[in-house]
Structures are given as structure tokens and as C-alpha cells.
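Shown next, in C-alpha cells, is the structure this report addresses.
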Amino acid sequence: MRLHVGCAMWTHARWQGRFLPDRLPPGDRLRAYASWCDAVEGNTTFYATPSRATVESWAAQTSPDFRFVVKLPKPITHERRLAGAQEELSAFLAAMEPLGPRVHAFWVQLPGSFSPADLGTLATFLRGLPRGHRYAVEVRHRAFFEDERSERLLERVLATAGAEWVPFDTTVMFASPPTSDAERDAWTKKPRVPRRTRALTGHPIVRYLGRDAEERTVEGWRPWVDTVTEWLREGRSPTVFVHTPDNAEALRLARRFHDDVRARLPELAPLPDPMPNEPLTLF
């Protein structure tokens, strides 16, 4: 029984000196993060495919049990819209090879304009992907959430490929007006779609966006504690990523989510204690 938890990034200015040691060199930042959480969203790969040496550094800083959910680059998903991008895809997958089993899934995040009319393109793309990896798809077009036929067609396409549907739950964010600059920014940028809780595979992935106020974030994730607990009882291995608009407390909140699930399932192993945020001394 395994629940992985993490955040949208492994370095954040407001974590330094609070949760993570201050002034860490780049080659140690992921290692410090990985003592707090055992998964991370690979969002940076959306903007550029990293060098193989960079990916080797990521592998060296994490244990084989750590999990990356790695986003496919923008040229593949948004510019080529999954068509005619074989060269870019091959280069990307080759760059990711050093991560080995740490790749929990390759994440196909699609633009909001990618509609049910494009499902044939998605089906063709998924059929052409190399076997031996997991794949997960995030859609943002509202028809997939509001039209039952479109929802079922997408589920069929994903099931045929053994791919998961990644929900991005922003319902708490949009339940009431924003109260901070970070929330106002999220209000204009994040997708506004209904919550979805149905898993298609044994390895569901959830992205949850709370609020800057911790109590509202925790109250909002209670349905996910119920869902994730049930998934674990069914023998699934979920991964949950906790976001807040400013992400200042996201690192600690991800661990708190794990604790909330473990309170329901005591047999779930606890996360290891994180490394201290200051160097150990003799005195």
C-alpha cells in the first residue's frame, strides 16, 4: 500500500530556511525536497527538454522509490497538438531515460482548446507511444466534464491505451472570490472545471489546488481524503500533488495530506522524517 505525495516544484524561495536548508546549491535542492515528499510534478519540462546530464542529476538526488510525473514539452502538446511531433517526442523520452523507474507517468497536459473533436488525434498519439511507460492525460475543455458522451469517449480512448485521466481540482479556488494577490493570479489562470474523482487505472494521479488560508485548503481536500482512502483499499497506488496559490506552505501541506489519509488507514507507512533545515553541528 503506497500513497505518494508532492508539490508542483522542488524549489521555492519561501521554503528556503524554513523547510529546506538555506542557500542550497542546485545539485542538492531536489535531494532536500525528496526528504519531505516522495513525488514531484515535472513542470519545467513543458518549457524545454533538459539535457541528459541534468536528468542524471535528478536521478542521483532521489531514491528509486521517488516518483516524477513528467510533463511532455509544449511543442508536442500545444504547438503540434500531438500531430507530427515524433522527433521532439523521441528526443524527450531519450533525455528522461536516466530517471528509470522514478518516472511514475509521462503527463500529456492538453490546452483548453483541445476538444472532443480532437479525440481521434489523441487516440492516434497514444497508440504510437512506446510501451513500458505509464501515461496520464489532463484535459481542460469543459465538454469533457459536462457532456456525458464526450466524457465516456475520452475514457474509452484512455482505457484502450491504459492511460490515466489526471484531474486538476480547482473547485475550492473558485468557490469564493480571491483574497490575496496570489489567489487573484490563480483566479485568472487556472482552469475552472468540475471535480472529477473516477480512476481509470491502478495508479491514479490527483492535482489539488487549495487556498492561501490553510484551514480552507484542508477543508477542501476532505473529499479527496475519502477518495484516496478508498483507492488504497481497492489496491490502487495514488499520487496526490498539493498546490496553493502562493505555494508557501505546500511542502508541509503535502505531508499533512498524507497524515490525514494515514489517520484513516493506520497500516499505511508514514513518510520518513525530513532533513533538518539547518546543518547539524556538534554543539
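Note on naming: chains are A, B, ... as they come in the C-alpha cells, residues start from 1 per chain, ligands start from 1 in the order shown.
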Could you name the residues that touch Phe241 of chain A at 9 Å or less, counting only C-alpha atoms, but leaving out those on the same chain fewer than 4 positions away, as number ranges by chain? A: 4-8, 39-41, 205-209, 254
Can you tell me which residues surround Glu146 of chain A at a distance of at most 12 Å, considering only C-alpha atoms, apart from same-chain residues fewer than 2 positions away, and format the answer as a PyMOL selection string? chain A and resi 116+140-144+148-152+192-196
Same residues, C-alpha atoms, saved as an mmCIF file, in the first residue's frame:
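The resulting part.cif:
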```cif
data_model
loop_
_atom_site.group_PDB
_atom_site.id
_atom_site.type_symbol
_atom_site.label_atom_id
_atom_site.label_comp_id
_atom_site.auth_asym_id
_atom_site.auth_seq_id
_atom_site.Cartn_x
_atom_site.Cartn_y
_atom_site.Cartn_z
ATOM 1 C CA PRO A 116 -13.908 16.177 -28.106
ATOM 2 C CA ARG A 140 -9.276 21.280 -19.778
ATOM 3 C CA HIS A 141 -12.092 21.619 -22.290
ATOM 4 C CA ARG A 142 -15.336 21.824 -20.292
ATOM 5 C CA ALA A 143 -17.192 19.448 -22.617
ATOM 6 C CA PHE A 144 -15.216 16.532 -21.190
ATOM 7 C CA GLU A 148 -21.561 12.648 -20.664
ATOM 8 C CA ARG A 149 -20.954 11.358 -24.184
ATOM 9 C CA SER A 150 -17.683 13.302 -24.502
ATOM 10 C CA GLU A 151 -16.595 12.070 -21.081
ATOM 11 C CA ARG A 152 -17.250 8.446 -21.988
ATOM 12 C CA ARG A 192 -12.378 26.228 -13.958
ATOM 13 C CA VAL A 193 -13.784 22.715 -14.332
ATOM 14 C CA PRO A 194 -15.850 20.401 -12.100
ATOM 15 C CA ARG A 195 -14.167 17.994 -9.693
ATOM 16 C CA ARG A 196 -13.607 14.508 -11.112
#
```
For Leu99 of chain A, list every protein, DNA or RNA residue within 9 Å, evaluated using only C-alpha atoms, and leave out those in the same chain fewer than 6 positions away; present the list as a ChimeraX atom specification. /A:55-56,58-60,64,68
Residue selection dump (N, CA, C and O atoms) as an mmCIF file, in the first residue's frame:
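This went into part.cif:
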```
data_model
loop_
_atom_site.group_PDB
_atom_site.id
_atom_site.type_symbol
_atom_site.label_atom_id
_atom_site.label_comp_id
_atom_site.auth_asym_id
_atom_site.auth_seq_id
_atom_site.Cartn_x
_atom_site.Cartn_y
_atom_site.Cartn_z
ATOM 1 N N VAL A 55 19.122 15.467 -16.169
ATOM 2 C CA VAL A 55 18.241 14.394 -15.721
ATOM 3 C C VAL A 55 19.026 13.371 -14.898
ATOM 4 O O VAL A 55 18.503 12.822 -13.917
ATOM 5 N N GLU A 56 20.272 13.122 -15.258
ATOM 6 C CA GLU A 56 21.113 12.237 -14.457
ATOM 7 C C GLU A 56 21.293 12.790 -13.041
ATOM 8 O O GLU A 56 21.315 12.037 -12.067
ATOM 9 N N TRP A 58 19.053 14.623 -11.477
ATOM 10 C CA TRP A 58 17.785 14.370 -10.775
ATOM 11 C C TRP A 58 17.751 12.944 -10.233
ATOM 12 O O TRP A 58 17.325 12.714 -9.106
ATOM 13 N N ALA A 59 18.203 12.003 -11.029
ATOM 14 C CA ALA A 59 18.211 10.611 -10.590
ATOM 15 C C ALA A 59 19.167 10.410 -9.417
ATOM 16 O O ALA A 59 18.860 9.677 -8.462
ATOM 17 N N ALA A 60 20.312 11.081 -9.471
ATOM 18 C CA ALA A 60 21.312 10.914 -8.419
ATOM 19 C C ALA A 60 20.829 11.484 -7.083
ATOM 20 O O ALA A 60 21.289 11.044 -6.020
ATOM 21 N N PRO A 64 15.274 5.252 -5.826
ATOM 22 C CA PRO A 64 14.447 4.597 -6.858
ATOM 23 C C PRO A 64 12.961 4.609 -6.533
ATOM 24 O O PRO A 64 12.134 4.419 -7.429
ATOM 25 N N PHE A 68 8.474 10.867 -10.307
ATOM 26 C CA PHE A 68 8.272 12.058 -11.132
ATOM 27 C C PHE A 68 7.055 11.840 -12.025
ATOM 28 O O PHE A 68 6.918 10.780 -12.645
#
```
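Across the model, the gap from atom CA of Lys74 of chain A to atom CA of Arg198 of chain A is 26.8 Å.
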Would you list the contacts of segment 19-27 of chain A as a ChimeraX atom specification, taking every protein, DNA or RNA residue within 8 Å and counting only C-alpha atoms, but skipping same-chain residues closer than 6 positions in sequence? /A:33,57,61,251-252,275-279
Using only N, CA and C atoms, please write the residues we just selected to a file, as a PDB file, in the first residue's frame.
```pdb
ATOM      1  N   TYR A  33      14.334  18.411  -1.058  1.00  0.00           N
ATOM      2  CA  TYR A  33      12.888  18.278  -1.251  1.00  0.00           C
ATOM      3  C   TYR A  33      12.445  16.827  -1.067  1.00  0.00           C
ATOM      4  N   SER A  57      21.389  14.118 -12.925  1.00  0.00           N
ATOM      5  CA  SER A  57      21.491  14.749 -11.609  1.00  0.00           C
ATOM      6  C   SER A  57      20.214  14.539 -10.808  1.00  0.00           C
ATOM      7  N   GLN A  61      19.919  12.446  -7.127  1.00  0.00           N
ATOM      8  CA  GLN A  61      19.445  13.089  -5.903  1.00  0.00           C
ATOM      9  C   GLN A  61      18.230  12.397  -5.284  1.00  0.00           C
ATOM     10  N   LEU A 251       4.702  22.422   0.735  1.00  0.00           N
ATOM     11  CA  LEU A 251       5.577  21.302   1.100  1.00  0.00           C
ATOM     12  C   LEU A 251       5.075  20.629   2.384  1.00  0.00           C
ATOM     13  N   ARG A 252       4.758  21.439   3.371  1.00  0.00           N
ATOM     14  CA  ARG A 252       4.241  20.894   4.629  1.00  0.00           C
ATOM     15  C   ARG A 252       2.834  20.335   4.454  1.00  0.00           C
ATOM     16  N   MET A 275      14.823  16.070   6.337  1.00  0.00           N
ATOM     17  CA  MET A 275      16.112  16.536   6.805  1.00  0.00           C
ATOM     18  C   MET A 275      15.941  17.876   7.508  1.00  0.00           C
ATOM     19  N   PRO A 276      16.784  18.179   8.504  1.00  0.00           N
ATOM     20  CA  PRO A 276      16.692  19.477   9.190  1.00  0.00           C
ATOM     21  C   PRO A 276      17.008  20.617   8.217  1.00  0.00           C
ATOM     22  N   ASN A 277      16.429  21.782   8.490  1.00  0.00           N
ATOM     23  CA  ASN A 277      16.675  22.907   7.578  1.00  0.00           C
ATOM     24  C   ASN A 277      17.940  23.687   7.906  1.00  0.00           C
ATOM     25  N   GLU A 278      18.670  23.231   8.930  1.00  0.00           N
ATOM     26  CA  GLU A 278      19.961  23.812   9.254  1.00  0.00           C
ATOM     27  C   GLU A 278      20.994  22.696   9.344  1.00  0.00           C
ATOM     28  N   PRO A 279      22.252  22.951   8.972  1.00  0.00           N
ATOM     29  CA  PRO A 279      23.286  21.919   9.091  1.00  0.00           C
ATOM     30  C   PRO A 279      23.432  21.443  10.528  1.00  0.00           C
TER      31      PRO A 279
END
```
Identify, with DSSP run on backbone atoms, the residues in segment 55-277 of chain A assigned to strand (DSSP E), and express the list as a ChimeraX atom specification. /A:67-71,103-109,135-138,164-165,168-169,205-209,239-243
Excluding Trp224 of chain A and any residue of its chain fewer than 6 positions from it, enumerate the residues within 10 Å of it, using only C-alpha atoms, and give them as a tab-separated table (two decimals) with N, CA, C and O atoms, in the first residue's frame.
```tsv
chain	number	residue	atom	x	y	z
A	169	ASP	N	-8.18	19.64	-9.60
A	169	ASP	CA	-9.32	20.08	-8.81
A	169	ASP	C	-9.09	21.51	-8.33
A	169	ASP	O	-8.34	21.76	-7.40
A	197	THR	N	-13.48	12.43	-9.81
A	197	THR	CA	-12.86	11.53	-8.84
A	197	THR	C	-12.80	10.08	-9.30
A	197	THR	O	-12.46	9.21	-8.51
A	206	VAL	N	-3.76	12.87	-8.83
A	206	VAL	CA	-4.63	14.00	-8.50
A	206	VAL	C	-3.79	15.25	-8.34
A	206	VAL	O	-2.74	15.24	-7.67
A	208	TYR	N	-4.42	18.96	-6.80
A	208	TYR	CA	-5.40	19.67	-5.98
A	208	TYR	C	-4.90	21.08	-5.68
A	208	TYR	O	-3.77	21.25	-5.20
A	230	GLU	N	-10.27	5.17	-0.22
A	230	GLU	CA	-10.98	4.10	-0.91
A	230	GLU	C	-10.11	3.49	-2.00
A	230	GLU	O	-10.09	2.26	-2.18
A	240	VAL	N	-0.77	12.18	-5.15
A	240	VAL	CA	-1.51	13.42	-4.95
A	240	VAL	C	-0.54	14.59	-4.85
A	240	VAL	O	0.42	14.54	-4.06
A	257	PHE	N	-1.52	16.08	4.13
A	257	PHE	CA	-2.50	15.27	3.42
A	257	PHE	C	-2.20	13.78	3.63
A	257	PHE	O	-3.11	12.98	3.89
A	261	VAL	N	-4.71	10.91	5.42
A	261	VAL	CA	-5.10	9.60	4.88
A	261	VAL	C	-4.65	8.49	5.83
A	261	VAL	O	-5.40	7.53	6.09
```
Gap from atom CA of Gly112 of chain A to atom CA of Gly42 of chain A - Å, one decimal: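 These two atoms are separated by 19.8 Å.
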Those of segment 26-131 of chain A in DSSP alpha helix (DSSP H), formatted as a ChimeraX atom specification: /A:26-33,52-60,74,86-96,119-127
